[in-house]
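Asker: For reference, the file final.cif (mmCIF, C-alpha atoms and all ligand atoms) is included below:
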```
data_data
loop_
_atom_site.group_PDB
_atom_site.id
_atom_site.type_symbol
_atom_site.label_atom_id
_atom_site.label_comp_id
_atom_site.auth_asym_id
_atom_site.auth_seq_id
_atom_site.Cartn_x
_atom_site.Cartn_y
_atom_site.Cartn_z
ATOM 1 C CA MET A 12 21.250 8.384 15.047
ATOM 2 C CA HIS A 13 18.886 6.041 16.875
ATOM 3 C CA SER A 14 15.363 5.831 15.570
ATOM 4 C CA GLN A 15 12.130 4.787 17.294
ATOM 5 C CA HIS A 16 9.647 2.263 15.925
ATOM 6 C CA ARG A 17 6.129 1.465 17.099
ATOM 7 C CA ILE A 18 4.115 -1.571 16.006
ATOM 8 C CA ILE A 19 0.455 -1.178 16.935
ATOM 9 C CA LEU A 20 -1.646 -4.308 16.735
ATOM 10 C CA GLY A 21 -4.889 -2.552 16.004
ATOM 11 C CA ASN A 22 -7.135 -0.952 13.428
ATOM 12 C CA SER A 23 -5.712 2.054 11.553
ATOM 13 C CA GLN A 24 -9.169 3.472 10.866
ATOM 14 C CA GLN A 25 -8.484 5.158 14.211
ATOM 15 C CA MET A 26 -4.895 6.112 14.900
ATOM 16 C CA SER A 27 -5.425 7.557 18.377
ATOM 17 C CA GLU A 28 -1.696 7.125 19.124
ATOM 18 C CA LEU A 29 -0.952 9.890 16.606
ATOM 19 C CA ALA A 30 -1.641 13.602 17.038
ATOM 20 C CA ASP A 31 -2.909 15.749 14.163
ATOM 21 C CA GLY A 32 -0.076 16.808 11.837
ATOM 22 C CA SER A 33 2.573 14.543 13.395
ATOM 23 C CA VAL A 34 3.650 12.278 10.496
ATOM 24 C CA GLN A 35 5.812 13.352 7.553
ATOM 25 C CA LEU A 36 5.228 10.380 5.237
ATOM 26 C CA MET A 37 2.808 7.491 4.762
ATOM 27 C CA VAL A 38 3.926 4.458 2.733
ATOM 28 C CA THR A 39 1.572 1.520 2.412
ATOM 29 C CA SER A 40 -0.074 -1.237 0.442
ATOM 30 C CA PRO A 41 -3.645 -2.021 1.545
ATOM 31 C CA PRO A 42 -5.615 -5.195 0.921
ATOM 32 C CA TYR A 43 -6.721 -4.885 -2.729
ATOM 33 C CA PRO A 44 -10.509 -4.638 -3.269
ATOM 34 C CA MET A 45 -11.984 -7.367 -5.521
ATOM 35 C CA ILE A 46 -8.868 -9.562 -5.380
ATOM 36 C CA ALA A 47 -10.293 -12.849 -4.100
ATOM 37 C CA MET A 48 -7.494 -13.449 -1.545
ATOM 38 C CA TRP A 49 -8.666 -10.380 0.414
ATOM 39 C CA ASP A 50 -12.452 -11.094 0.346
ATOM 40 C CA GLU A 51 -12.415 -12.826 3.711
ATOM 41 C CA LEU A 52 -10.456 -10.042 5.393
ATOM 42 C CA PHE A 53 -12.875 -7.382 4.146
ATOM 43 C CA ALA A 54 -15.883 -9.515 5.135
ATOM 44 C CA LYS A 55 -14.509 -10.141 8.647
ATOM 45 C CA ALA A 56 -13.551 -6.494 9.117
ATOM 46 C CA ASP A 57 -16.879 -5.050 8.006
ATOM 47 C CA PRO A 58 -20.263 -6.755 8.663
ATOM 48 C CA LYS A 59 -21.802 -4.774 5.795
ATOM 49 C CA ILE A 60 -19.402 -6.437 3.340
ATOM 50 C CA ALA A 61 -20.083 -9.895 4.845
ATOM 51 C CA GLU A 62 -23.816 -9.298 4.378
ATOM 52 C CA LEU A 63 -23.314 -8.225 0.760
ATOM 53 C CA PHE A 64 -21.325 -11.398 0.000
ATOM 54 C CA GLN A 65 -24.203 -13.469 1.435
ATOM 55 C CA LYS A 66 -26.624 -11.506 -0.708
ATOM 56 C CA LEU A 67 -24.443 -12.105 -3.785
ATOM 57 C CA ALA A 68 -24.433 -15.855 -3.138
ATOM 58 C CA ALA A 69 -28.248 -15.743 -3.014
ATOM 59 C CA ASN A 70 -29.078 -13.296 -5.838
ATOM 60 C CA GLY A 71 -25.970 -13.203 -8.079
ATOM 61 C CA GLU A 72 -26.812 -9.622 -9.139
ATOM 62 C CA ASP A 73 -24.264 -7.298 -10.770
ATOM 63 C CA GLU A 74 -25.660 -4.512 -8.585
ATOM 64 C CA THR A 75 -24.571 -6.426 -5.462
ATOM 65 C CA VAL A 76 -21.068 -6.828 -6.915
ATOM 66 C CA ARG A 77 -20.886 -3.059 -7.440
ATOM 67 C CA LYS A 78 -21.995 -2.525 -3.841
ATOM 68 C CA ILE A 79 -19.269 -4.884 -2.565
ATOM 69 C CA TYR A 80 -16.639 -2.993 -4.577
ATOM 70 C CA THR A 81 -17.846 0.331 -3.168
ATOM 71 C CA ALA A 82 -18.062 -0.998 0.406
ATOM 72 C CA MET A 83 -14.451 -2.249 0.209
ATOM 73 C CA HIS A 84 -13.309 1.194 -0.873
ATOM 74 C CA ASP A 85 -15.415 2.800 1.880
ATOM 75 C CA TYR A 86 -13.498 0.613 4.357
ATOM 76 C CA LEU A 87 -10.127 1.815 3.002
ATOM 77 C CA ALA A 88 -11.373 5.416 2.784
ATOM 78 C CA LYS A 89 -11.586 5.604 6.583
ATOM 79 C CA VAL A 90 -7.839 4.939 6.712
ATOM 80 C CA TRP A 91 -7.075 7.524 3.996
ATOM 81 C CA GLN A 92 -9.153 10.062 5.952
ATOM 82 C CA GLU A 93 -7.277 9.289 9.181
ATOM 83 C CA THR A 94 -3.962 9.497 7.301
ATOM 84 C CA TYR A 95 -4.901 12.984 6.129
ATOM 85 C CA ARG A 96 -5.477 14.023 9.750
ATOM 86 C CA VAL A 97 -2.114 12.761 11.025
ATOM 87 C CA LEU A 98 0.050 14.008 8.133
ATOM 88 C CA VAL A 99 1.885 17.312 8.494
ATOM 89 C CA ASP A 100 1.113 20.090 6.055
ATOM 90 C CA GLY A 101 3.058 19.119 2.923
ATOM 91 C CA GLY A 102 3.265 15.450 4.017
ATOM 92 C CA ILE A 103 3.136 12.791 1.301
ATOM 93 C CA ALA A 104 1.007 9.634 1.068
ATOM 94 C CA CYS A 105 2.259 6.756 -1.142
ATOM 95 C CA ILE A 106 -0.246 3.978 -1.832
ATOM 96 C CA ASN A 107 0.787 0.810 -3.661
ATOM 97 C CA ILE A 108 -2.354 -0.654 -5.223
ATOM 98 C CA GLY A 109 -3.164 -3.047 -8.048
ATOM 99 C CA ASP A 110 -6.330 -3.039 -10.120
ATOM 100 C CA ALA A 111 -8.334 -6.270 -10.067
ATOM 101 C CA THR A 112 -9.819 -8.389 -12.835
ATOM 102 C CA ARG A 113 -12.445 -10.932 -11.962
ATOM 103 C CA SER A 114 -15.212 -13.041 -13.454
ATOM 104 C CA ILE A 115 -18.367 -13.011 -11.380
ATOM 105 C CA ASN A 116 -21.457 -14.787 -12.708
ATOM 106 C CA GLY A 117 -19.596 -15.336 -15.960
ATOM 107 C CA ARG A 118 -18.962 -11.616 -16.462
ATOM 108 C CA PHE A 119 -15.303 -10.631 -16.643
ATOM 109 C CA GLN A 120 -14.368 -7.062 -15.822
ATOM 110 C CA LEU A 121 -11.723 -4.697 -14.509
ATOM 111 C CA TYR A 122 -12.082 -3.102 -11.097
ATOM 112 C CA PRO A 123 -9.857 -0.014 -11.395
ATOM 113 C CA ASN A 124 -8.861 0.343 -7.748
ATOM 114 C CA HIS A 125 -6.302 3.042 -8.521
ATOM 115 C CA SER A 126 -8.923 5.419 -9.894
ATOM 116 C CA ARG A 127 -11.358 4.796 -7.007
ATOM 117 C CA ILE A 128 -8.627 5.569 -4.463
ATOM 118 C CA THR A 129 -7.612 8.692 -6.374
ATOM 119 C CA GLU A 130 -11.227 9.949 -6.361
ATOM 120 C CA VAL A 131 -11.598 9.231 -2.638
ATOM 121 C CA CYS A 132 -8.309 10.922 -1.731
ATOM 122 C CA GLU A 133 -9.175 14.006 -3.776
ATOM 123 C CA LYS A 134 -12.533 14.238 -1.962
ATOM 124 C CA ILE A 135 -10.689 14.057 1.368
ATOM 125 C CA GLY A 136 -8.565 17.025 0.310
ATOM 126 C CA PHE A 137 -5.316 15.468 -0.935
ATOM 127 C CA THR A 138 -3.584 16.868 -4.013
ATOM 128 C CA THR A 139 -2.914 14.148 -6.593
ATOM 129 C CA LEU A 140 0.692 13.986 -7.813
ATOM 130 C CA PRO A 141 2.113 12.074 -10.816
ATOM 131 C CA TYR A 142 2.109 8.366 -9.981
ATOM 132 C CA ILE A 143 4.540 5.507 -10.533
ATOM 133 C CA LEU A 144 3.785 2.317 -12.452
ATOM 134 C CA TRP A 145 5.457 -0.695 -10.921
ATOM 135 C CA LYS A 146 6.020 -3.051 -13.862
ATOM 136 C CA LYS A 147 6.349 -6.624 -12.711
ATOM 137 C CA PRO A 148 7.941 -9.348 -14.810
ATOM 138 C CA THR A 149 5.221 -10.347 -17.291
ATOM 139 C CA THR A 150 2.954 -13.149 -16.253
ATOM 140 C CA LYS A 151 1.105 -15.158 -18.885
ATOM 141 C CA PRO A 152 -1.366 -13.196 -21.035
ATOM 142 C CA MET A 153 -4.984 -13.716 -20.076
ATOM 143 C CA TYR A 154 -7.971 -15.046 -21.932
ATOM 144 C CA LYS A 155 -11.423 -14.806 -20.372
ATOM 145 C CA GLY A 156 -9.759 -14.156 -17.033
ATOM 146 C CA LYS A 157 -8.204 -17.617 -17.015
ATOM 147 C CA GLY A 158 -4.601 -16.503 -16.900
ATOM 148 C CA ALA A 159 -3.598 -17.876 -20.308
ATOM 149 C CA PHE A 160 -4.483 -17.686 -23.960
ATOM 150 C CA LEU A 161 -6.563 -20.708 -24.783
ATOM 151 C CA GLY A 162 -7.680 -22.003 -28.170
ATOM 152 C CA SER A 163 -8.798 -18.876 -30.011
ATOM 153 C CA GLY A 164 -6.384 -16.614 -28.075
ATOM 154 C CA PHE A 165 -4.752 -15.469 -31.313
ATOM 155 C CA LEU A 166 -8.049 -14.396 -32.842
ATOM 156 C CA PRO A 167 -9.658 -11.017 -32.315
ATOM 157 C CA PRO A 168 -11.549 -9.632 -30.453
ATOM 158 C CA ASN A 169 -12.054 -11.491 -27.156
ATOM 159 C CA ALA A 170 -8.645 -11.577 -25.473
ATOM 160 C CA TYR A 171 -7.752 -9.277 -22.589
ATOM 161 C CA VAL A 172 -4.687 -7.207 -21.822
ATOM 162 C CA THR A 173 -2.666 -8.675 -18.930
ATOM 163 C CA LEU A 174 -2.411 -6.656 -15.735
ATOM 164 C CA ASP A 175 1.337 -6.589 -15.298
ATOM 165 C CA CYS A 176 1.627 -3.196 -13.598
ATOM 166 C CA GLU A 177 0.645 -2.021 -10.166
ATOM 167 C CA PHE A 178 0.289 1.621 -9.187
ATOM 168 C CA ILE A 179 2.145 3.634 -6.617
ATOM 169 C CA LEU A 180 -0.220 6.543 -6.128
ATOM 170 C CA LEU A 181 1.257 9.726 -4.685
ATOM 171 C CA PHE A 182 -0.678 12.445 -2.866
ATOM 172 C CA ARG A 183 0.259 15.534 -0.887
ATOM 173 C CA LYS A 184 -1.584 17.175 1.960
ATOM 174 C CA GLY A 185 -1.576 20.951 1.595
ATOM 175 C CA LYS A 186 1.331 23.015 0.341
ATOM 176 C CA LEU A 187 4.992 22.107 -0.276
ATOM 177 C CA ARG A 188 7.003 21.560 2.902
ATOM 178 C CA LYS A 189 9.430 24.306 3.905
ATOM 179 C CA PHE A 190 12.880 23.833 5.476
ATOM 180 C CA PRO A 191 15.440 26.262 6.911
ATOM 181 C CA PRO A 192 18.248 27.022 4.418
ATOM 182 C CA LYS A 193 20.996 24.352 4.429
ATOM 183 C CA ASP A 194 19.001 22.123 6.780
ATOM 184 C CA ALA A 195 21.682 19.586 7.784
ATOM 185 C CA LEU A 196 19.523 16.440 7.943
ATOM 186 C CA ARG A 197 17.835 17.302 4.672
ATOM 187 C CA TYR A 198 21.203 17.595 2.945
ATOM 188 C CA GLU A 199 22.361 14.363 4.588
ATOM 189 C CA SER A 200 19.266 12.666 3.120
ATOM 190 C CA ALA A 201 20.061 13.630 -0.482
ATOM 191 C CA PHE A 202 19.849 10.987 -3.198
ATOM 192 C CA THR A 203 22.445 10.587 -5.953
ATOM 193 C CA LYS A 204 21.926 11.727 -9.539
ATOM 194 C CA LYS A 205 21.612 8.085 -10.650
ATOM 195 C CA GLU A 206 18.988 7.467 -7.952
ATOM 196 C CA ARG A 207 17.115 10.608 -8.881
ATOM 197 C CA ASP A 208 17.046 9.742 -12.594
ATOM 198 C CA GLU A 209 15.789 6.232 -11.910
ATOM 199 C CA TRP A 210 13.434 6.839 -8.990
ATOM 200 C CA PHE A 211 11.669 9.892 -10.419
ATOM 201 C CA SER A 212 10.899 8.211 -13.739
ATOM 202 C CA GLN A 213 7.383 6.874 -14.073
ATOM 203 C CA ILE A 214 8.015 3.182 -14.692
ATOM 204 C CA TRP A 215 9.800 1.046 -12.152
ATOM 205 C CA SER A 216 10.654 -2.440 -13.407
ATOM 206 C CA LEU A 217 11.133 -4.485 -10.253
ATOM 207 C CA LYS A 218 10.581 -8.108 -9.332
ATOM 208 C CA GLY A 219 7.942 -8.906 -6.698
ATOM 209 C CA THR A 220 9.072 -10.398 -3.390
ATOM 210 C CA ARG A 221 9.739 -14.100 -3.383
ATOM 211 C CA GLN A 222 6.670 -15.411 -1.596
ATOM 212 C CA THR A 223 7.966 -17.635 1.179
ATOM 213 C CA ALA A 224 6.486 -21.035 1.875
ATOM 214 C CA THR A 225 4.324 -20.480 4.945
ATOM 215 C CA GLU A 226 0.677 -19.602 4.499
ATOM 216 C CA LEU A 227 1.008 -16.784 7.052
ATOM 217 C CA GLU A 228 3.812 -15.081 5.167
ATOM 218 C CA ARG A 229 2.167 -15.521 1.777
ATOM 219 C CA ARG A 230 -1.009 -13.952 3.113
ATOM 220 C CA THR A 231 0.709 -10.640 3.772
ATOM 221 C CA ALA A 232 1.511 -10.078 0.056
ATOM 222 C CA ALA A 233 4.626 -8.149 1.060
ATOM 223 C CA TYR A 234 6.016 -5.531 -1.285
ATOM 224 C CA PRO A 235 9.726 -5.506 -2.169
ATOM 225 C CA GLU A 236 11.976 -3.631 0.255
ATOM 226 C CA GLU A 237 13.302 -1.682 -2.706
ATOM 227 C CA ILE A 238 9.895 -0.032 -3.202
ATOM 228 C CA ALA A 239 9.677 1.047 0.437
ATOM 229 C CA GLU A 240 13.278 2.236 0.387
ATOM 230 C CA ARG A 241 12.877 4.367 -2.716
ATOM 231 C CA LEU A 242 9.679 5.997 -1.407
ATOM 232 C CA ILE A 243 11.091 6.643 2.065
ATOM 233 C CA ARG A 244 14.230 8.227 0.659
ATOM 234 C CA MET A 245 12.343 10.223 -2.005
ATOM 235 C CA PHE A 246 9.776 11.757 0.342
ATOM 236 C CA SER A 247 11.197 11.963 3.880
ATOM 237 C CA VAL A 248 14.248 13.273 5.661
ATOM 238 C CA LYS A 249 16.361 11.312 8.171
ATOM 239 C CA GLY A 250 14.834 11.449 11.653
ATOM 240 C CA GLU A 251 11.265 11.968 10.385
ATOM 241 C CA LEU A 252 8.251 9.753 11.105
ATOM 242 C CA VAL A 253 6.984 7.245 8.503
ATOM 243 C CA LEU A 254 3.553 5.640 8.902
ATOM 244 C CA ASP A 255 2.330 2.350 7.438
ATOM 245 C CA PRO A 256 -1.368 1.835 8.310
ATOM 246 C CA PHE A 257 -1.405 -1.667 6.685
ATOM 247 C CA LEU A 258 1.871 -3.051 8.002
ATOM 248 C CA GLY A 259 1.555 -6.725 6.984
ATOM 249 C CA SER A 260 4.939 -8.401 7.456
ATOM 250 C CA GLY A 261 6.693 -5.213 8.636
ATOM 251 C CA THR A 262 8.603 -4.279 5.453
ATOM 252 C CA THR A 263 8.122 -0.535 5.981
ATOM 253 C CA THR A 264 9.367 -0.700 9.582
ATOM 254 C CA LYS A 265 12.492 -2.607 8.555
ATOM 255 C CA VAL A 266 13.304 -0.191 5.738
ATOM 256 C CA ALA A 267 12.662 2.847 7.968
ATOM 257 C CA MET A 268 15.134 1.370 10.465
ATOM 258 C CA LEU A 269 17.777 0.880 7.809
ATOM 259 C CA ASN A 270 17.325 4.450 6.586
ATOM 260 C CA GLU A 271 17.367 6.301 9.930
ATOM 261 C CA ARG A 272 13.685 7.242 9.921
ATOM 262 C CA ASN A 273 11.269 6.696 12.829
ATOM 263 C CA SER A 274 8.222 4.599 12.070
ATOM 264 C CA ILE A 275 4.780 3.578 13.236
ATOM 265 C CA GLY A 276 2.895 0.656 11.728
ATOM 266 C CA TYR A 277 -0.646 -0.652 12.285
ATOM 267 C CA GLU A 278 -1.691 -4.261 11.729
ATOM 268 C CA THR A 279 -5.010 -5.864 12.693
ATOM 269 C CA ASP A 280 -3.873 -9.471 12.258
ATOM 270 C CA GLN A 281 -2.173 -10.387 15.540
ATOM 271 C CA ASN A 282 -0.971 -13.673 13.999
ATOM 272 C CA LEU A 283 1.481 -11.633 11.947
ATOM 273 C CA LEU A 284 3.415 -10.456 14.997
ATOM 274 C CA PRO A 285 6.031 -13.275 14.786
ATOM 275 C CA VAL A 286 6.503 -12.510 11.066
ATOM 276 C CA ILE A 287 6.990 -8.812 11.828
ATOM 277 C CA THR A 288 9.342 -9.364 14.753
ATOM 278 C CA LYS A 289 11.424 -11.865 12.797
ATOM 279 C CA LYS A 290 11.826 -9.377 9.971
ATOM 280 C CA ILE A 291 12.780 -6.458 12.183
ATOM 281 C CA ASP A 292 14.854 -8.453 14.697
ATOM 282 C CA ASN A 293 17.103 -9.647 11.894
ATOM 283 C CA CYS A 294 17.622 -6.063 10.875
ATOM 284 C CA ASN A 295 17.814 -4.639 14.380
ATOM 285 C CA ALA A 296 20.654 -6.993 15.264
ATOM 286 C CA LYS A 297 22.751 -4.584 13.170
ATOM 287 C CA THR A 298 21.044 -1.253 13.865
ATOM 288 C CA ALA A 299 19.901 -1.584 17.530
ATOM 289 C CA GLU A 300 16.902 0.757 17.279
ATOM 290 C CA TYR A 301 14.141 1.279 19.829
ATOM 291 C CA VAL A 302 11.068 -0.849 19.130
ATOM 292 C CA THR A 303 7.773 -0.789 21.034
ATOM 293 C CA ILE A 304 4.964 -3.262 20.408
ATOM 294 C CA ILE A 305 1.510 -2.203 21.563
ATOM 295 C CA LYS A 306 -1.455 -4.592 21.595
ATOM 296 C CA ARG A 307 -4.652 -2.572 21.631
HETATM 297 C C1 LIG B 401 -1.180 -6.051 1.491
HETATM 298 S S1 LIG B 401 -0.908 -6.344 3.181
HETATM 299 C C2 LIG B 401 0.479 -5.299 3.510
HETATM 300 C C3 LIG B 401 1.795 -5.902 3.100
HETATM 301 C C4 LIG B 401 3.000 -5.079 3.516
HETATM 302 N N1 LIG B 401 3.213 -3.945 2.631
HETATM 303 C C5 LIG B 401 4.263 -5.926 3.565
HETATM 304 O O1 LIG B 401 5.245 -5.615 2.895
HETATM 305 O O2 LIG B 401 4.247 -6.951 4.263
HETATM 306 C C6 LIG B 401 -2.243 -5.508 3.989
HETATM 307 C C7 LIG B 401 -2.289 -5.737 5.480
HETATM 308 O O3 LIG B 401 -3.227 -4.820 6.052
HETATM 309 C C8 LIG B 401 -3.825 -5.423 7.190
HETATM 310 N N2 LIG B 401 -5.055 -4.655 7.503
HETATM 311 C C9 LIG B 401 -6.259 -4.688 6.877
HETATM 312 N N3 LIG B 401 -7.110 -3.775 7.412
HETATM 313 C C10 LIG B 401 -6.416 -3.135 8.396
HETATM 314 C C11 LIG B 401 -6.737 -2.076 9.293
HETATM 315 N N4 LIG B 401 -7.949 -1.489 9.273
HETATM 316 N N5 LIG B 401 -5.803 -1.674 10.177
HETATM 317 C C12 LIG B 401 -4.556 -2.255 10.198
HETATM 318 N N6 LIG B 401 -4.194 -3.264 9.365
HETATM 319 C C13 LIG B 401 -5.101 -3.704 8.466
HETATM 320 C C14 LIG B 401 -4.042 -6.860 6.752
HETATM 321 O O4 LIG B 401 -4.177 -7.727 7.854
HETATM 322 C C15 LIG B 401 -2.774 -7.118 5.909
HETATM 323 O O5 LIG B 401 -1.765 -7.738 6.676
#
```
Show me the file's structure as C-alpha cells.
Ligand SMILES: C[S@@+](CC[C@H](N)C(=O)[O-])C[C@H]1O[C@@H](n2cnc3c(N)ncnc32)[C@H](O)[C@@H]1O

Answerer:
Amino acid sequence: MHSQHRIILGNSQQMSELADGSVQLMVTSPPYPMIAMWDELFAKADPKIAELFQKLAANGEDETVRKIYTAMHDYLAKVWQETYRVLVDGGIACINIGDATRSINGRFQLYPNHSRITEVCEKIGFTTLPYILWKKPTTKPMYKGKGAFLGSGFLPPNAYVTLDCEFILLFRKGKLRKFPPKDALRYESAFTKKERDEWFSQIWSLKGTRQTATELERRTAAYPEEIAERLIRMFSVKGELVLDPFLGSGTTTKVAMLNERNSIGYETDQNLLPVITKKIDNCNAKTAEYVTIIKR
C-alpha cells in the first residue's frame, strides 16, 4: 500500500488544506510554555507575548509572568481548536507535553502545562481520556531549580521533586468510531498481546532521543520514534490520515510512512526543511511513498 505525505511549511493555527472531519488521528508535541528554550519562538509568533516579555523585563511582576503563561497557552489553543475541526467524529488527539519549572525574580514554581491543555481541550469540546506518563531516565534531583542538590539538599523542607515524566495527553472528539464488521484494514492493523499489555499501561519508560550535534536539530526537541509509532498504531488504522500540527524534525511523518498511514505535518520554521527531508528521505529510500512539500 502506498501512502501520501504532505509537509506544509506554514502555521497550523489555520489548516486550510484540511476539510472538516478529514483526519483520523493527531499526534504531536508542541513548544512547551514556560520552558526557556521556547520563549523566543512564542515571542516571535505572537506580538502580545513579545510585549509581555518586554513588560516583565521592566516591571518584574508575578502578574506579568502569569499573563505570559496564559498567552502561550492561548497561542497553542488555536491549534487545538483547529485540530478539533479537522478530526473525524471519534478521532483521537495525542499531545506530548512536559510541565515546566522555572525561577523568575527568585521565585521558583511549577507551570503545570498538562492541566492547562486539558482544561482548554475540554472547553473546546474534546473528551479527556486516561493519559500516559512518559518516564525518562532520571536526571539529577533539583534544589532551588538549579538541577542538583546543593549543600542542604538532604535537609527538609526546601528541596523539590524532579520532573522526570512528561505527559502524553489523550482526547477524543465525539463518540467512539464505528467500523463495518471484520473491516480488513482494521484487522490488519491489530497489535499483539505483548504490545497491547505494554502500550496500554500508564507508564512508558523510554529514553529520549539522542540530541544530535547541530543547533538546528537540537532546537526541534524531537520525540523518540517509538512514541510516535505506539500512538499511531494504537489509535489509527492502516491507510488513515495522521496529522502533526507541530512537525519539528518530521518524526511523525517518518513513522506514518513506516506504518502505512498517510500524513500531513505543519511546521512554521522553514529552516527545518532540510532536517525533515533528510529524515524522511532516508526512510523513503525503502518505502517509496508519495511526498508533497508545500510552502505557504
Ligand atoms: C517540540 S517541536 C516538535 C518536535 C517533533 N515532535 C519532532 O519529533 O521533531 C515543536 C515545533 O513546532 C513548531 N511550531 C510552533 N508553532 C507552530 C505553528 N503555529 N504551526 C506550525 N508549527 C509550529 C516549532 O517551530 C517547532 O519546530

Asker: What residues have any atom no more than 6 Å from ligand LIG 401 (chain B) when counting only C-alpha atoms and all ligand atoms, and can you list them as a list in words?

Answerer: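 For ligand LIG 401 (chain B), the residues inside 6 Å are Gly21, Asn22, Ser23, Gln24, Thr39, Ser40, Pro41, Pro42, Thr231, Ala232, Ala233, Tyr234, Pro256, Phe257, Leu258, Gly259, Ser260, Gly261, Thr262, Tyr277, Glu278, Thr279 and Asp280 of chain A.
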
Asker: What are the closest atom pairs, with distances in Å to one decimal, for all residues of segment 118-145 of chain A lying within 10 Å of segment 86-95 of chain A? Consider all atoms listed in the file, order rows by chain and residue number, and present the result as a tab-separated table.

Answerer:
```
residue	atom	partner	partner_atom	distance
A:Arg127	CA	A:Ala88	CA	9.8
A:Ile128	CA	A:Ala88	CA	7.8
A:Val131	CA	A:Ala88	CA	6.6
A:Cys132	CA	A:Trp91	CA	6.8
A:Lys134	CA	A:Gln92	CA	9.6
A:Ile135	CA	A:Gln92	CA	6.3
A:Gly136	CA	A:Tyr95	CA	8.0
A:Phe137	CA	A:Tyr95	CA	7.5
```

Asker: Which is closest to Phe64 of chain A among A:Val172, A:Ile79, A:Ile19, A:Leu52, if we use all atoms listed in the file?

Answerer: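 Going through A:Val172, A:Ile79, A:Ile19, A:Leu52 one by one, the smallest distance to Phe64 of chain A is for A:Ile79.
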
Asker: Evaluate the PyMOL selection byres (((chain A and resi 47-49) around 12) and not hetatm) here and jot the selected residues down as a short mmCIF file (atom, residue, chain, number, x, y, z; two decimals) with C-alpha atoms, in the frame of the given file.

Answerer:
```cif
data_model
loop_
_atom_site.label_atom_id
_atom_site.label_comp_id
_atom_site.auth_asym_id
_atom_site.auth_seq_id
_atom_site.Cartn_x
_atom_site.Cartn_y
_atom_site.Cartn_z
CA PRO A 41 -3.64 -2.02 1.54
CA PRO A 42 -5.62 -5.20 0.92
CA TYR A 43 -6.72 -4.88 -2.73
CA PRO A 44 -10.51 -4.64 -3.27
CA MET A 45 -11.98 -7.37 -5.52
CA ILE A 46 -8.87 -9.56 -5.38
CA ASP A 50 -12.45 -11.09 0.35
CA GLU A 51 -12.42 -12.83 3.71
CA LEU A 52 -10.46 -10.04 5.39
CA PHE A 53 -12.88 -7.38 4.15
CA ALA A 54 -15.88 -9.52 5.14
CA LYS A 55 -14.51 -10.14 8.65
CA ALA A 56 -13.55 -6.49 9.12
CA ILE A 60 -19.40 -6.44 3.34
CA PHE A 64 -21.32 -11.40 0.00
CA TYR A 80 -16.64 -2.99 -4.58
CA MET A 83 -14.45 -2.25 0.21
CA ALA A 111 -8.33 -6.27 -10.07
CA THR A 112 -9.82 -8.39 -12.84
CA ARG A 113 -12.44 -10.93 -11.96
CA SER A 114 -15.21 -13.04 -13.45
CA ILE A 115 -18.37 -13.01 -11.38
CA GLU A 226 0.68 -19.60 4.50
CA ARG A 229 2.17 -15.52 1.78
CA ARG A 230 -1.01 -13.95 3.11
CA THR A 231 0.71 -10.64 3.77
CA ALA A 232 1.51 -10.08 0.06
#
```

Asker: Could you jot down the atom CA of Cys294 of chain A to atom CA of Val34 of chain A separation for me, Å, one decimal place?

Answerer: 23.1 Å

Asker: Just want the 9 Å neighbourhood of Asp73 of chain A, counted on only C-alpha atoms, with same-chain residues fewer than 2 positions away dropped. Output as a short mmCIF file (atom, residue, chain, number, x, y, z; two decimals) with C-alpha atoms, keeping the file's coordinate frame.

Answerer:
```cif
data_model
loop_
_atom_site.label_atom_id
_atom_site.label_comp_id
_atom_site.auth_asym_id
_atom_site.auth_seq_id
_atom_site.Cartn_x
_atom_site.Cartn_y
_atom_site.Cartn_z
CA LEU A 67 -24.44 -12.10 -3.78
CA GLY A 71 -25.97 -13.20 -8.08
CA THR A 75 -24.57 -6.43 -5.46
CA VAL A 76 -21.07 -6.83 -6.92
CA ARG A 77 -20.89 -3.06 -7.44
CA LYS A 78 -22.00 -2.52 -3.84
CA ILE A 115 -18.37 -13.01 -11.38
CA ASN A 116 -21.46 -14.79 -12.71
CA ARG A 118 -18.96 -11.62 -16.46
#
```

Asker: Can you tell me, as a ChimeraX atom specification, what residues are no more than 9 Å from Leu227 of chain A when counting all atoms listed in the file, ignoring any on the same chain fewer than 5 positions away?

Answerer: /A:282-283,286

Asker: Selected residues, C-alpha atoms, written as a tab-separated table (two decimals), in the frame of the given file, please.

Answerer:
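Saved result, again-v6.tsv, follows:
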```
chain	number	residue	atom	x	y	z
A	282	ASN	CA	-0.97	-13.67	14.00
A	283	LEU	CA	1.48	-11.63	11.95
A	286	VAL	CA	6.50	-12.51	11.07
```

Asker: Could you list the residues chosen by the PyMOL selection byres (((chain A and resi 147) around 10) and not hetatm) in this structure as an MDAnalysis selection string?

Answerer: chainID A and resid 144:146 148:150 174:177 215:219

Asker: What is the distance between atom CA of Lys205 of chain A and atom CA of Ile106 of chain A, in Å to one decimal?

Answerer: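 If I compute the distance from atom CA of Lys205 of chain A to atom CA of Ile106 of chain A, I get 23.9 Å.
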
Asker: I need the output of the PyMOL selection byres (((chain A and resi 239) around 9) and not hetatm) for this file as a list in words; which residues are they?

Answerer: Val38, Thr39, Tyr234, Pro235, Glu236, Glu237, Ile238, Glu240, Arg241, Leu242, Ile243, Arg244, Thr262, Thr263, Val266 and Ala267 of chain A

Asker: Please define a box with edges along x, y and z of the file around all atoms of segment 75-86 of chain A given in the file, extend it by 6 Å on each side, and return its centre and edge lengths in Å to one decimal, as lines of an AutoDock Vina configuration file.

Answerer:
```
center_x = -18.9
center_y = -2.0
center_z = -1.5
size_x = 23.3
size_y = 21.6
size_z = 23.8
```

Asker: Could you jot down the atom CA of Val99 of chain A to atom CA of Tyr301 of chain A separation for me, Å, one decimal place?

Answerer: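 So the answer is 23.1 Å.
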
Asker: Identify, on the basis of only C-alpha atoms, every residue whose closest approach to segment 303-306 of chain A does not exceed 9 Å; exclude the query and any residue fewer than 4 positions from it along the same chain; express the result as a list in words.

Answerer: Gln15, His16, Arg17, Ile18, Ile19, Leu20, Gly21 and Gln281 of chain A

Asker: Given only C-alpha atoms as the basis, pick out the residue of A:Gln65, A:Asn273, A:Ala170, A:Gly102 nearest to Arg183 of chain A.

Answerer: A:Gly102

Asker: Taking all atoms listed in the file into account, which of A:Arg307, A:Arg197, A:Arg272, A:Lys265 comes nearest Glu251 of chain A?

Answerer: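 Closest to Glu251 of chain A of all the choices is A:Arg272.
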
Asker: Report as a PyMOL selection string all protein, DNA and RNA residues lying within 6 Å of Ala104 of chain A, evaluated on all atoms listed in the file, omitting residues in the same chain fewer than 4 positions from it.

Answerer: chain A and resi 36-37+181-182
